[in-house]
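Student: This structure is in structure tokens; I'll ask about it shortly.
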Amino acid sequence: DECFDAIWTLPWRKGLPNGAYLEAGEWIFFDPPVDKVSDHKAYVIKDIAARPKEWFPQLAGHKSSADSEFSGELTKLSPASIVLVDDQQANFQSDRGVKVARYAKVSRYNAHYHDLGFIKDMGGIGAHDDNDFSLLREFVEQPWTCCEVIKCRCVEMPSGRTEDHLPVRIVAFDFDETLTMATFMPDDQQFKTDIAWEPSDESISGW
């Protein structure tokens with residue numbers, strides 16, 4: 001529970017709770033405004049940034065210093081400060097061109113698995129290496145290291161199970177990676193020279 005503050009369901013379900021938030025160690029059901037936005041995660045992320053208290057009800061009751069820090073961070077959200085981790089490419093851009101500024105795509109694959117035969121849609125973060133979680137955290141904390149560019153990078157990363165792996169001799173590129181991380185950087189040239197640069201309060205464009 002310590003890693004989550006709220007859970008939402010998509011699409012909206014009539015007559016059922018569409019979300020839950022954590023308050024004082026207890027999960028409380030509520031209805032986030034899922035039915036007030038278009039049924040696509042790009043629109044949901046924009047709405048979360050615009051109206052965080054509608055998506056995090058616990059913000060209204062935070063009074064301690066620790067809670068104030070939590071509240072302050074969430075009330076200053078922008079779409080570019082939210083990372084979407086998903087395994088569906090279509091969830092990163094709507095059919096009207098609304099984009100998710102930062103995302104981590106978790107790829108799936110089909111394979112024969114032990115005595116279970118051929119299985120579809122296998123994979124997920126940490127499916128092959130627990131180091132995936134460290135990479136994801138680095139991406140969240142240092143997004144500028146993952147600019148969206150047309151290139152591929154091959155790196156053998158050490159992990160706690162490195163000794164269990166055979167050394168790499170040949171690398172075959174099939175462009176079906178297990179974890180894709182991307183940051184769409186703003187076009188504003190000041191972003192490249194001003195370390196204190198922040199998006200304006202107006203609608204973010206140019207990503």
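Ordering of the structure tokens sets the chain letters (A, B, ...); residue numbers start at 1 within each chain; ligands are numbered from 1 in the order shown.
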Just want the 7 Å neighbourhood of Gly123 (chain A), counted on only C-alpha atoms, with same-chain residues fewer than 2 positions away dropped. Output as a PyMOL selection string.

Tutor: chain A and resi 107-109+121+127

Student: Would you put the residues from that selection into a file with N, CA, C and O atoms, as a PDB file, in the first residue's frame?

Tutor:
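Once everything was written out, this is result_36.pdb:
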ATOM      1  N   SER A 107       6.393  -4.025 -23.327  1.00  0.00           N
ATOM      2  CA  SER A 107       6.030  -4.869 -24.461  1.00  0.00           C
ATOM      3  C   SER A 107       5.654  -6.277 -24.025  1.00  0.00           C
ATOM      4  O   SER A 107       6.099  -6.778 -22.985  1.00  0.00           O
ATOM      5  N   ARG A 108       4.827  -6.893 -24.827  1.00  0.00           N
ATOM      6  CA  ARG A 108       4.420  -8.287 -24.619  1.00  0.00           C
ATOM      7  C   ARG A 108       4.990  -9.147 -25.743  1.00  0.00           C
ATOM      8  O   ARG A 108       5.392  -8.636 -26.797  1.00  0.00           O
ATOM      9  N   TYR A 109       5.030 -10.449 -25.525  1.00  0.00           N
ATOM     10  CA  TYR A 109       5.534 -11.341 -26.559  1.00  0.00           C
ATOM     11  C   TYR A 109       4.848 -12.700 -26.426  1.00  0.00           C
ATOM     12  O   TYR A 109       4.278 -13.037 -25.387  1.00  0.00           O
ATOM     13  N   ASP A 121       0.901 -12.983 -25.174  1.00  0.00           N
ATOM     14  CA  ASP A 121       0.949 -11.803 -24.302  1.00  0.00           C
ATOM     15  C   ASP A 121       1.696 -12.056 -23.003  1.00  0.00           C
ATOM     16  O   ASP A 121       1.255 -11.669 -21.915  1.00  0.00           O
ATOM     17  N   ALA A 127       9.772  -9.233 -15.879  1.00  0.00           N
ATOM     18  CA  ALA A 127       9.524 -10.600 -16.334  1.00  0.00           C
ATOM     19  C   ALA A 127      10.822 -11.362 -16.553  1.00  0.00           C
ATOM     20  O   ALA A 127      10.897 -12.559 -16.302  1.00  0.00           O
TER      21      ALA A 127
END

Student: Please run DSSP on the backbone and report, as a short mmCIF file (atom, residue, chain, number, x, y, z; two decimals) with all heavy atoms, in the first residue's frame, all residues within region 2-138 of chain A that come out as helix (DSSP H, G or I).

Tutor:
data_model
loop_
_atom_site.label_atom_id
_atom_site.label_comp_id
_atom_site.auth_asym_id
_atom_site.auth_seq_id
_atom_site.Cartn_x
_atom_site.Cartn_y
_atom_site.Cartn_z
N PRO A 33 -13.76 11.64 -11.58
CA PRO A 33 -14.52 12.13 -12.73
C PRO A 33 -14.19 11.41 -14.04
O PRO A 33 -13.98 12.04 -15.08
CB PRO A 33 -14.13 13.61 -12.79
CG PRO A 33 -12.76 13.66 -12.19
CD PRO A 33 -12.75 12.61 -11.12
N VAL A 34 -14.15 10.08 -13.99
CA VAL A 34 -13.84 9.30 -15.19
C VAL A 34 -14.88 9.54 -16.28
O VAL A 34 -14.56 9.59 -17.47
CB VAL A 34 -13.77 7.80 -14.84
CG1 VAL A 34 -13.57 6.97 -16.10
CG2 VAL A 34 -12.65 7.53 -13.85
N ASP A 35 -16.15 9.73 -15.85
CA ASP A 35 -17.21 9.92 -16.83
C ASP A 35 -17.27 11.35 -17.37
O ASP A 35 -18.09 11.65 -18.24
CB ASP A 35 -18.56 9.56 -16.21
CG ASP A 35 -18.86 10.35 -14.95
OD1 ASP A 35 -17.90 10.77 -14.27
OD2 ASP A 35 -20.05 10.56 -14.65
N LYS A 36 -16.39 12.23 -16.87
CA LYS A 36 -16.40 13.62 -17.31
C LYS A 36 -15.34 13.90 -18.37
O LYS A 36 -15.25 15.02 -18.88
CB LYS A 36 -16.13 14.55 -16.11
CG LYS A 36 -17.12 14.40 -14.96
CD LYS A 36 -18.53 14.81 -15.36
CE LYS A 36 -19.45 14.94 -14.14
NZ LYS A 36 -19.53 13.72 -13.32
N LYS A 41 -6.61 7.54 -22.01
CA LYS A 41 -5.72 7.87 -20.91
C LYS A 41 -5.00 9.21 -21.11
O LYS A 41 -4.62 9.86 -20.13
CB LYS A 41 -4.71 6.74 -20.70
CG LYS A 41 -5.39 5.47 -20.21
CD LYS A 41 -4.42 4.33 -19.99
CE LYS A 41 -5.16 3.07 -19.53
NZ LYS A 41 -4.24 1.92 -19.33
N ALA A 42 -4.80 9.63 -22.35
CA ALA A 42 -4.18 10.94 -22.58
C ALA A 42 -5.05 12.06 -22.03
O ALA A 42 -4.55 13.03 -21.45
CB ALA A 42 -3.93 11.14 -24.08
N TYR A 43 -6.36 11.95 -22.20
CA TYR A 43 -7.29 12.94 -21.67
C TYR A 43 -7.37 12.85 -20.15
O TYR A 43 -7.48 13.87 -19.45
CB TYR A 43 -8.68 12.76 -22.27
CG TYR A 43 -8.75 13.07 -23.74
CD1 TYR A 43 -8.80 12.03 -24.68
CD2 TYR A 43 -8.77 14.38 -24.21
CE1 TYR A 43 -8.86 12.30 -26.04
CE2 TYR A 43 -8.85 14.66 -25.57
CZ TYR A 43 -8.90 13.62 -26.48
OH TYR A 43 -8.95 13.89 -27.82
N VAL A 44 -7.32 11.64 -19.62
CA VAL A 44 -7.37 11.45 -18.18
C VAL A 44 -6.18 12.11 -17.51
O VAL A 44 -6.32 12.81 -16.49
CB VAL A 44 -7.42 9.95 -17.83
CG1 VAL A 44 -7.23 9.74 -16.32
CG2 VAL A 44 -8.74 9.34 -18.28
N ILE A 45 -4.99 11.95 -18.09
CA ILE A 45 -3.78 12.55 -17.52
C ILE A 45 -3.88 14.07 -17.53
O ILE A 45 -3.50 14.74 -16.56
CB ILE A 45 -2.54 12.06 -18.28
CG1 ILE A 45 -2.25 10.61 -17.88
CG2 ILE A 45 -1.33 12.95 -18.00
CD1 ILE A 45 -1.09 9.99 -18.60
N LYS A 46 -4.40 14.65 -18.60
CA LYS A 46 -4.58 16.10 -18.65
C LYS A 46 -5.54 16.56 -17.55
O LYS A 46 -5.32 17.60 -16.93
CB LYS A 46 -5.11 16.52 -20.02
CG LYS A 46 -4.09 16.42 -21.15
CD LYS A 46 -4.65 16.99 -22.44
CE LYS A 46 -4.93 18.47 -22.33
NZ LYS A 46 -5.39 19.06 -23.61
N ASP A 47 -6.59 15.79 -17.31
CA ASP A 47 -7.57 16.18 -16.30
C ASP A 47 -7.01 16.02 -14.89
O ASP A 47 -7.31 16.82 -14.01
CB ASP A 47 -8.84 15.34 -16.47
CG ASP A 47 -10.04 16.00 -15.80
OD1 ASP A 47 -10.53 17.00 -16.34
OD2 ASP A 47 -10.48 15.51 -14.74
N ILE A 48 -6.19 14.99 -14.68
CA ILE A 48 -5.56 14.81 -13.37
C ILE A 48 -4.68 16.02 -13.05
O ILE A 48 -4.68 16.53 -11.92
CB ILE A 48 -4.73 13.52 -13.34
CG1 ILE A 48 -5.64 12.29 -13.41
CG2 ILE A 48 -3.87 13.46 -12.07
CD1 ILE A 48 -4.89 10.99 -13.59
N ALA A 49 -3.93 16.49 -14.03
CA ALA A 49 -3.06 17.64 -13.83
C ALA A 49 -3.87 18.91 -13.58
O ALA A 49 -3.47 19.77 -12.79
CB ALA A 49 -2.15 17.83 -15.05
N ALA A 50 -5.01 19.02 -14.24
CA ALA A 50 -5.84 20.23 -14.10
C ALA A 50 -6.67 20.23 -12.83
O ALA A 50 -6.90 21.28 -12.22
CB ALA A 50 -6.76 20.36 -15.32
N PRO A 52 -6.38 17.94 -9.67
CA PRO A 52 -5.85 16.83 -8.86
C PRO A 52 -6.73 16.46 -7.67
O PRO A 52 -6.79 15.28 -7.29
CB PRO A 52 -4.48 17.34 -8.40
CG PRO A 52 -4.56 18.83 -8.53
CD PRO A 52 -5.45 19.08 -9.71
N LYS A 53 -7.44 17.42 -7.08
CA LYS A 53 -8.26 17.11 -5.91
C LYS A 53 -9.45 16.23 -6.26
O LYS A 53 -10.00 15.55 -5.38
CB LYS A 53 -8.73 18.40 -5.25
CG LYS A 53 -7.61 19.18 -4.57
CD LYS A 53 -8.14 20.41 -3.86
CE LYS A 53 -7.00 21.17 -3.17
NZ LYS A 53 -7.49 22.37 -2.47
N GLU A 54 -9.86 16.25 -7.53
CA GLU A 54 -10.96 15.39 -7.95
C GLU A 54 -10.51 13.93 -8.06
O GLU A 54 -11.32 13.01 -7.95
CB GLU A 54 -11.49 15.86 -9.31
CG GLU A 54 -12.05 17.27 -9.32
CD GLU A 54 -13.33 17.37 -8.51
OE1 GLU A 54 -14.10 16.39 -8.49
OE2 GLU A 54 -13.54 18.42 -7.88
N TRP A 55 -9.21 13.74 -8.27
CA TRP A 55 -8.65 12.39 -8.45
C TRP A 55 -7.96 11.89 -7.18
O TRP A 55 -7.76 10.68 -7.02
CB TRP A 55 -7.67 12.39 -9.61
CG TRP A 55 -8.32 12.74 -10.91
CD1 TRP A 55 -8.53 14.00 -11.43
CD2 TRP A 55 -8.87 11.84 -11.87
NE1 TRP A 55 -9.17 13.93 -12.63
CE2 TRP A 55 -9.39 12.62 -12.94
CE3 TRP A 55 -8.98 10.45 -11.94
CZ2 TRP A 55 -10.00 12.05 -14.05
CZ3 TRP A 55 -9.58 9.87 -13.05
CH2 TRP A 55 -10.08 10.67 -14.08
N PRO A 57 -8.87 12.55 -3.47
CA PRO A 57 -9.72 13.18 -2.45
C PRO A 57 -9.00 13.45 -1.14
O PRO A 57 -9.39 14.35 -0.39
CB PRO A 57 -10.85 12.16 -2.26
CG PRO A 57 -10.88 11.37 -3.52
CD PRO A 57 -9.45 11.29 -3.97
N GLN A 58 -7.96 12.70 -0.84
CA GLN A 58 -7.25 12.89 0.43
C GLN A 58 -6.54 14.23 0.49
O GLN A 58 -6.13 14.67 1.57
CB GLN A 58 -6.25 11.75 0.69
CG GLN A 58 -5.12 11.62 -0.33
CD GLN A 58 -5.44 10.66 -1.44
OE1 GLN A 58 -6.44 10.82 -2.11
NE2 GLN A 58 -4.58 9.66 -1.65
N LEU A 59 -6.38 14.92 -0.63
CA LEU A 59 -5.73 16.23 -0.63
C LEU A 59 -6.49 17.24 0.22
O LEU A 59 -5.91 18.15 0.78
CB LEU A 59 -5.60 16.77 -2.07
CG LEU A 59 -4.61 16.05 -2.98
CD1 LEU A 59 -4.65 16.66 -4.37
CD2 LEU A 59 -3.20 16.11 -2.42
N ALA A 60 -7.79 17.08 0.30
CA ALA A 60 -8.61 18.04 1.03
C ALA A 60 -8.38 18.00 2.53
O ALA A 60 -8.60 18.98 3.23
CB ALA A 60 -10.09 17.80 0.73
N GLY A 61 -7.91 16.86 3.06
CA GLY A 61 -7.78 16.72 4.51
C GLY A 61 -6.36 16.73 5.03
O GLY A 61 -6.14 16.47 6.20
N SER A 65 2.84 18.55 8.26
CA SER A 65 3.90 19.01 7.38
C SER A 65 4.19 18.00 6.30
O SER A 65 4.41 18.35 5.14
CB SER A 65 5.18 19.28 8.20
OG SER A 65 5.58 18.10 8.89
N ALA A 66 4.19 16.70 6.67
CA ALA A 66 4.43 15.66 5.67
C ALA A 66 3.31 15.64 4.66
O ALA A 66 3.54 15.51 3.45
CB ALA A 66 4.55 14.30 6.36
N ASP A 67 2.07 15.78 5.14
CA ASP A 67 0.93 15.80 4.25
C ASP A 67 0.95 17.03 3.36
O ASP A 67 0.56 16.98 2.20
CB ASP A 67 -0.38 15.77 5.05
CG ASP A 67 -0.63 14.41 5.68
OD1 ASP A 67 0.02 13.45 5.23
OD2 ASP A 67 -1.45 14.32 6.59
N SER A 68 1.40 18.16 3.91
CA SER A 68 1.47 19.39 3.12
C SER A 68 2.44 19.24 1.96
O SER A 68 2.21 19.74 0.87
CB SER A 68 1.89 20.56 4.01
OG SER A 68 0.93 20.79 5.02
N GLU A 69 3.55 18.53 2.21
CA GLU A 69 4.51 18.27 1.14
C GLU A 69 3.87 17.41 0.06
O GLU A 69 4.01 17.68 -1.14
CB GLU A 69 5.75 17.58 1.70
CG GLU A 69 6.83 17.32 0.65
CD GLU A 69 8.05 16.67 1.24
OE1 GLU A 69 8.12 16.53 2.48
OE2 GLU A 69 8.95 16.29 0.46
N PHE A 70 3.15 16.38 0.48
CA PHE A 70 2.43 15.51 -0.45
C PHE A 70 1.42 16.31 -1.25
O PHE A 70 1.33 16.23 -2.47
CB PHE A 70 1.74 14.40 0.34
CG PHE A 70 0.77 13.57 -0.46
CD1 PHE A 70 1.21 12.50 -1.22
CD2 PHE A 70 -0.59 13.84 -0.44
CE1 PHE A 70 0.32 11.72 -1.94
CE2 PHE A 70 -1.49 13.06 -1.15
CZ PHE A 70 -1.02 12.01 -1.90
N SER A 71 0.64 17.13 -0.56
CA SER A 71 -0.39 17.94 -1.21
C SER A 71 0.22 18.94 -2.17
O SER A 71 -0.26 19.15 -3.27
CB SER A 71 -1.23 18.66 -0.15
OG SER A 71 -2.19 19.49 -0.75
N GLY A 72 1.33 19.57 -1.73
CA GLY A 72 1.96 20.58 -2.58
C GLY A 72 2.47 20.01 -3.89
O GLY A 72 2.34 20.64 -4.95
N GLU A 73 3.03 18.81 -3.84
CA GLU A 73 3.55 18.19 -5.06
C GLU A 73 2.42 17.89 -6.04
O GLU A 73 2.55 18.10 -7.25
CB GLU A 73 4.30 16.90 -4.72
CG GLU A 73 5.61 17.12 -3.98
CD GLU A 73 6.64 17.86 -4.83
OE1 GLU A 73 6.64 17.67 -6.06
OE2 GLU A 73 7.42 18.63 -4.25
N LEU A 74 1.31 17.39 -5.53
CA LEU A 74 0.22 16.99 -6.41
C LEU A 74 -0.57 18.17 -6.95
O LEU A 74 -1.12 18.10 -8.04
CB LEU A 74 -0.73 16.03 -5.68
CG LEU A 74 -0.18 14.63 -5.42
CD1 LEU A 74 -1.21 13.77 -4.71
CD2 LEU A 74 0.23 13.94 -6.72
N THR A 75 -0.62 19.27 -6.21
CA THR A 75 -1.37 20.43 -6.69
C THR A 75 -0.58 21.23 -7.72
O THR A 75 -1.13 22.15 -8.33
CB THR A 75 -1.76 21.35 -5.52
OG1 THR A 75 -0.59 21.69 -4.76
CG2 THR A 75 -2.76 20.65 -4.61
N PRO A 79 0.80 17.89 -17.18
CA PRO A 79 0.81 16.62 -17.92
C PRO A 79 2.21 16.06 -18.11
O PRO A 79 2.39 14.84 -18.14
CB PRO A 79 0.17 17.02 -19.26
CG PRO A 79 -0.73 18.16 -18.92
CD PRO A 79 0.02 18.94 -17.86
N ALA A 80 3.20 16.94 -18.20
CA ALA A 80 4.58 16.48 -18.41
C ALA A 80 5.20 15.90 -17.16
O ALA A 80 6.26 15.27 -17.22
CB ALA A 80 5.44 17.63 -18.92
N SER A 81 4.57 16.09 -16.00
CA SER A 81 5.12 15.55 -14.75
C SER A 81 4.47 14.23 -14.36
O SER A 81 4.69 13.72 -13.27
CB SER A 81 4.95 16.57 -13.62
OG SER A 81 3.58 16.81 -13.36
N GLN A 89 0.23 0.49 -27.05
CA GLN A 89 0.73 1.65 -27.76
C GLN A 89 -0.36 2.70 -27.99
O GLN A 89 -0.12 3.91 -27.93
CB GLN A 89 1.32 1.22 -29.12
CG GLN A 89 1.97 2.33 -29.92
CD GLN A 89 3.28 2.79 -29.31
OE1 GLN A 89 4.00 1.99 -28.70
NE2 GLN A 89 3.61 4.06 -29.47
N ALA A 90 -1.58 2.25 -28.23
CA ALA A 90 -2.68 3.17 -28.53
C ALA A 90 -3.02 4.08 -27.36
O ALA A 90 -3.67 5.12 -27.55
CB ALA A 90 -3.92 2.38 -28.95
N ASN A 91 -2.60 3.72 -26.14
CA ASN A 91 -2.93 4.54 -24.98
C ASN A 91 -2.05 5.76 -24.82
O ASN A 91 -2.30 6.60 -23.96
CB ASN A 91 -2.84 3.68 -23.70
CG ASN A 91 -3.96 2.68 -23.60
OD1 ASN A 91 -5.06 2.90 -24.11
ND2 ASN A 91 -3.70 1.56 -22.95
N PHE A 92 -1.02 5.88 -25.65
CA PHE A 92 -0.10 7.01 -25.53
C PHE A 92 -0.49 8.20 -26.41
O PHE A 92 0.08 9.28 -26.27
CB PHE A 92 1.34 6.58 -25.86
CG PHE A 92 1.81 5.44 -24.99
CD1 PHE A 92 2.35 4.30 -25.55
CD2 PHE A 92 1.72 5.52 -23.61
CE1 PHE A 92 2.77 3.24 -24.76
CE2 PHE A 92 2.14 4.47 -22.81
CZ PHE A 92 2.67 3.33 -23.38
N HIS A 114 7.82 -23.57 -21.00
CA HIS A 114 7.92 -24.84 -20.29
C HIS A 114 6.88 -25.85 -20.79
O HIS A 114 6.72 -26.04 -21.99
CB HIS A 114 7.80 -24.60 -18.77
CG HIS A 114 8.87 -23.72 -18.23
ND1 HIS A 114 10.19 -24.08 -18.23
CD2 HIS A 114 8.82 -22.48 -17.68
CE1 HIS A 114 10.93 -23.12 -17.70
NE2 HIS A 114 10.11 -22.12 -17.35
N ASP A 115 6.17 -26.49 -19.88
CA ASP A 115 5.19 -27.51 -20.28
C ASP A 115 3.79 -26.93 -20.50
O ASP A 115 2.83 -27.68 -20.67
CB ASP A 115 5.13 -28.63 -19.24
CG ASP A 115 4.75 -28.12 -17.86
OD1 ASP A 115 4.81 -26.88 -17.65
OD2 ASP A 115 4.41 -28.95 -17.00
N LEU A 116 3.68 -25.59 -20.51
CA LEU A 116 2.38 -24.95 -20.70
C LEU A 116 2.07 -24.70 -22.16
O LEU A 116 0.98 -24.26 -22.51
CB LEU A 116 2.32 -23.63 -19.92
CG LEU A 116 2.48 -23.75 -18.40
CD1 LEU A 116 2.43 -22.38 -17.75
CD2 LEU A 116 1.38 -24.64 -17.82
N ASN A 131 15.93 -5.73 -12.71
CA ASN A 131 16.54 -4.43 -12.97
C ASN A 131 15.60 -3.50 -13.72
O ASN A 131 15.81 -2.29 -13.78
CB ASN A 131 17.84 -4.61 -13.77
CG ASN A 131 18.73 -3.38 -13.71
OD1 ASN A 131 18.98 -2.85 -12.64
ND2 ASN A 131 19.19 -2.93 -14.87
N ASP A 132 14.53 -4.06 -14.33
CA ASP A 132 13.54 -3.22 -15.00
C ASP A 132 12.99 -2.17 -14.06
O ASP A 132 12.71 -1.03 -14.46
CB ASP A 132 12.38 -4.08 -15.52
CG ASP A 132 12.74 -4.85 -16.79
OD1 ASP A 132 13.82 -4.59 -17.35
OD2 ASP A 132 11.95 -5.71 -17.20
N PHE A 133 12.78 -2.52 -12.80
CA PHE A 133 12.21 -1.58 -11.84
C PHE A 133 13.18 -0.43 -11.56
O PHE A 133 12.76 0.72 -11.40
CB PHE A 133 11.85 -2.30 -10.54
CG PHE A 133 10.77 -3.33 -10.71
CD1 PHE A 133 11.09 -4.67 -10.84
CD2 PHE A 133 9.43 -2.96 -10.76
CE1 PHE A 133 10.09 -5.63 -11.00
CE2 PHE A 133 8.42 -3.90 -10.92
CZ PHE A 133 8.76 -5.25 -11.05
N SER A 134 14.47 -0.73 -11.52
CA SER A 134 15.47 0.31 -11.31
C SER A 134 15.53 1.24 -12.51
O SER A 134 15.64 2.47 -12.37
CB SER A 134 16.85 -0.31 -11.06
OG SER A 134 16.85 -1.10 -9.89
N LEU A 135 15.45 0.67 -13.71
CA LEU A 135 15.45 1.49 -14.92
C LEU A 135 14.24 2.41 -14.98
O LEU A 135 14.34 3.58 -15.37
CB LEU A 135 15.48 0.59 -16.16
CG LEU A 135 16.78 -0.18 -16.41
CD1 LEU A 135 16.61 -1.13 -17.59
CD2 LEU A 135 17.93 0.78 -16.68
N LEU A 136 13.10 1.89 -14.58
CA LEU A 136 11.89 2.71 -14.59
C LEU A 136 12.01 3.86 -13.59
O LEU A 136 11.64 5.00 -13.89
CB LEU A 136 10.68 1.84 -14.25
CG LEU A 136 9.32 2.57 -14.20
CD1 LEU A 136 9.01 3.24 -15.53
CD2 LEU A 136 8.21 1.59 -13.81
N ARG A 137 12.57 3.58 -12.44
CA ARG A 137 12.74 4.64 -11.44
C ARG A 137 13.72 5.70 -11.94
O ARG A 137 13.48 6.90 -11.75
CB ARG A 137 13.24 4.03 -10.13
CG ARG A 137 13.43 5.06 -9.03
CD ARG A 137 13.72 4.42 -7.70
NE ARG A 137 13.92 5.42 -6.66
CZ ARG A 137 14.05 5.13 -5.37
NH1 ARG A 137 14.00 3.87 -4.96
NH2 ARG A 137 14.21 6.09 -4.49
N GLU A 138 14.78 5.29 -12.59
CA GLU A 138 15.73 6.24 -13.15
C GLU A 138 15.07 7.12 -14.21
O GLU A 138 15.33 8.32 -14.30
CB GLU A 138 16.93 5.51 -13.76
CG GLU A 138 17.84 4.87 -12.73
CD GLU A 138 18.98 4.09 -13.37
OE1 GLU A 138 19.17 4.23 -14.60
OE2 GLU A 138 19.67 3.35 -12.65
#

Student: May I ask which of the residues A:Ile28, A:Cys147, A:Val37, A:Leu166 is the closest one to Trp12 (chain A), counting only C-alpha atoms?

Tutor: A:Val37

Student: Have a look at A:Gly126, A:Lys14, A:Phe4, A:His40 and name the one nearest to Lys99 (chain A); count only C-alpha atoms.

Tutor: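 Checking each candidate against Lys99 (chain A), we get A:His40 as the closest.
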
Student: Name the residues of region 10-166 of chain A that come out as strand (DSSP E) in a backbone DSSP run; write them as an NGL selection string.

Tutor: :A and (19-23 or 26-30 or 83-86 or 102-106 or 108-112 or 118-123)

Student: Can you tell me how far CA of His112 (chain A) sits from CA of Gly124 (chain A), in Å to one decimal?

Tutor: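 Calculated distance between CA of His112 (chain A) and CA of Gly124 (chain A) is 16.1 Å.
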
Student: Can you tell me, as an MDAnalysis selection string, what residues are no more than 7 Å from region 18-22 of chain A when counting only C-alpha atoms, ignoring any on the same chain fewer than 5 positions away?

Tutor: chainID A and resid 5:9 12:13 27:32 56

Student: Hey, can you spit out that residue selection with C-alpha atoms as an mmCIF file, in the first residue's frame?

Tutor:
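Saved the output as again-v1.cif:
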data_model
loop_
_atom_site.group_PDB
_atom_site.id
_atom_site.type_symbol
_atom_site.label_atom_id
_atom_site.label_comp_id
_atom_site.auth_asym_id
_atom_site.auth_seq_id
_atom_site.Cartn_x
_atom_site.Cartn_y
_atom_site.Cartn_z
ATOM 1 C CA ASP A 5 -2.167 6.724 -3.167
ATOM 2 C CA ALA A 6 -5.150 6.217 -5.483
ATOM 3 C CA ILE A 7 -6.547 3.682 -7.939
ATOM 4 C CA TRP A 8 -8.941 4.467 -10.809
ATOM 5 C CA THR A 9 -10.752 2.224 -13.269
ATOM 6 C CA TRP A 12 -16.478 4.354 -16.208
ATOM 7 C CA ARG A 13 -18.832 1.755 -14.696
ATOM 8 C CA TRP A 27 -8.686 2.318 1.382
ATOM 9 C CA ILE A 28 -11.858 4.325 0.723
ATOM 10 C CA PHE A 29 -14.015 3.943 -2.386
ATOM 11 C CA PHE A 30 -14.970 7.054 -4.369
ATOM 12 C CA ASP A 31 -15.996 8.139 -7.848
ATOM 13 C CA PRO A 32 -13.309 10.066 -9.747
ATOM 14 C CA PHE A 56 -6.946 12.459 -5.013
#
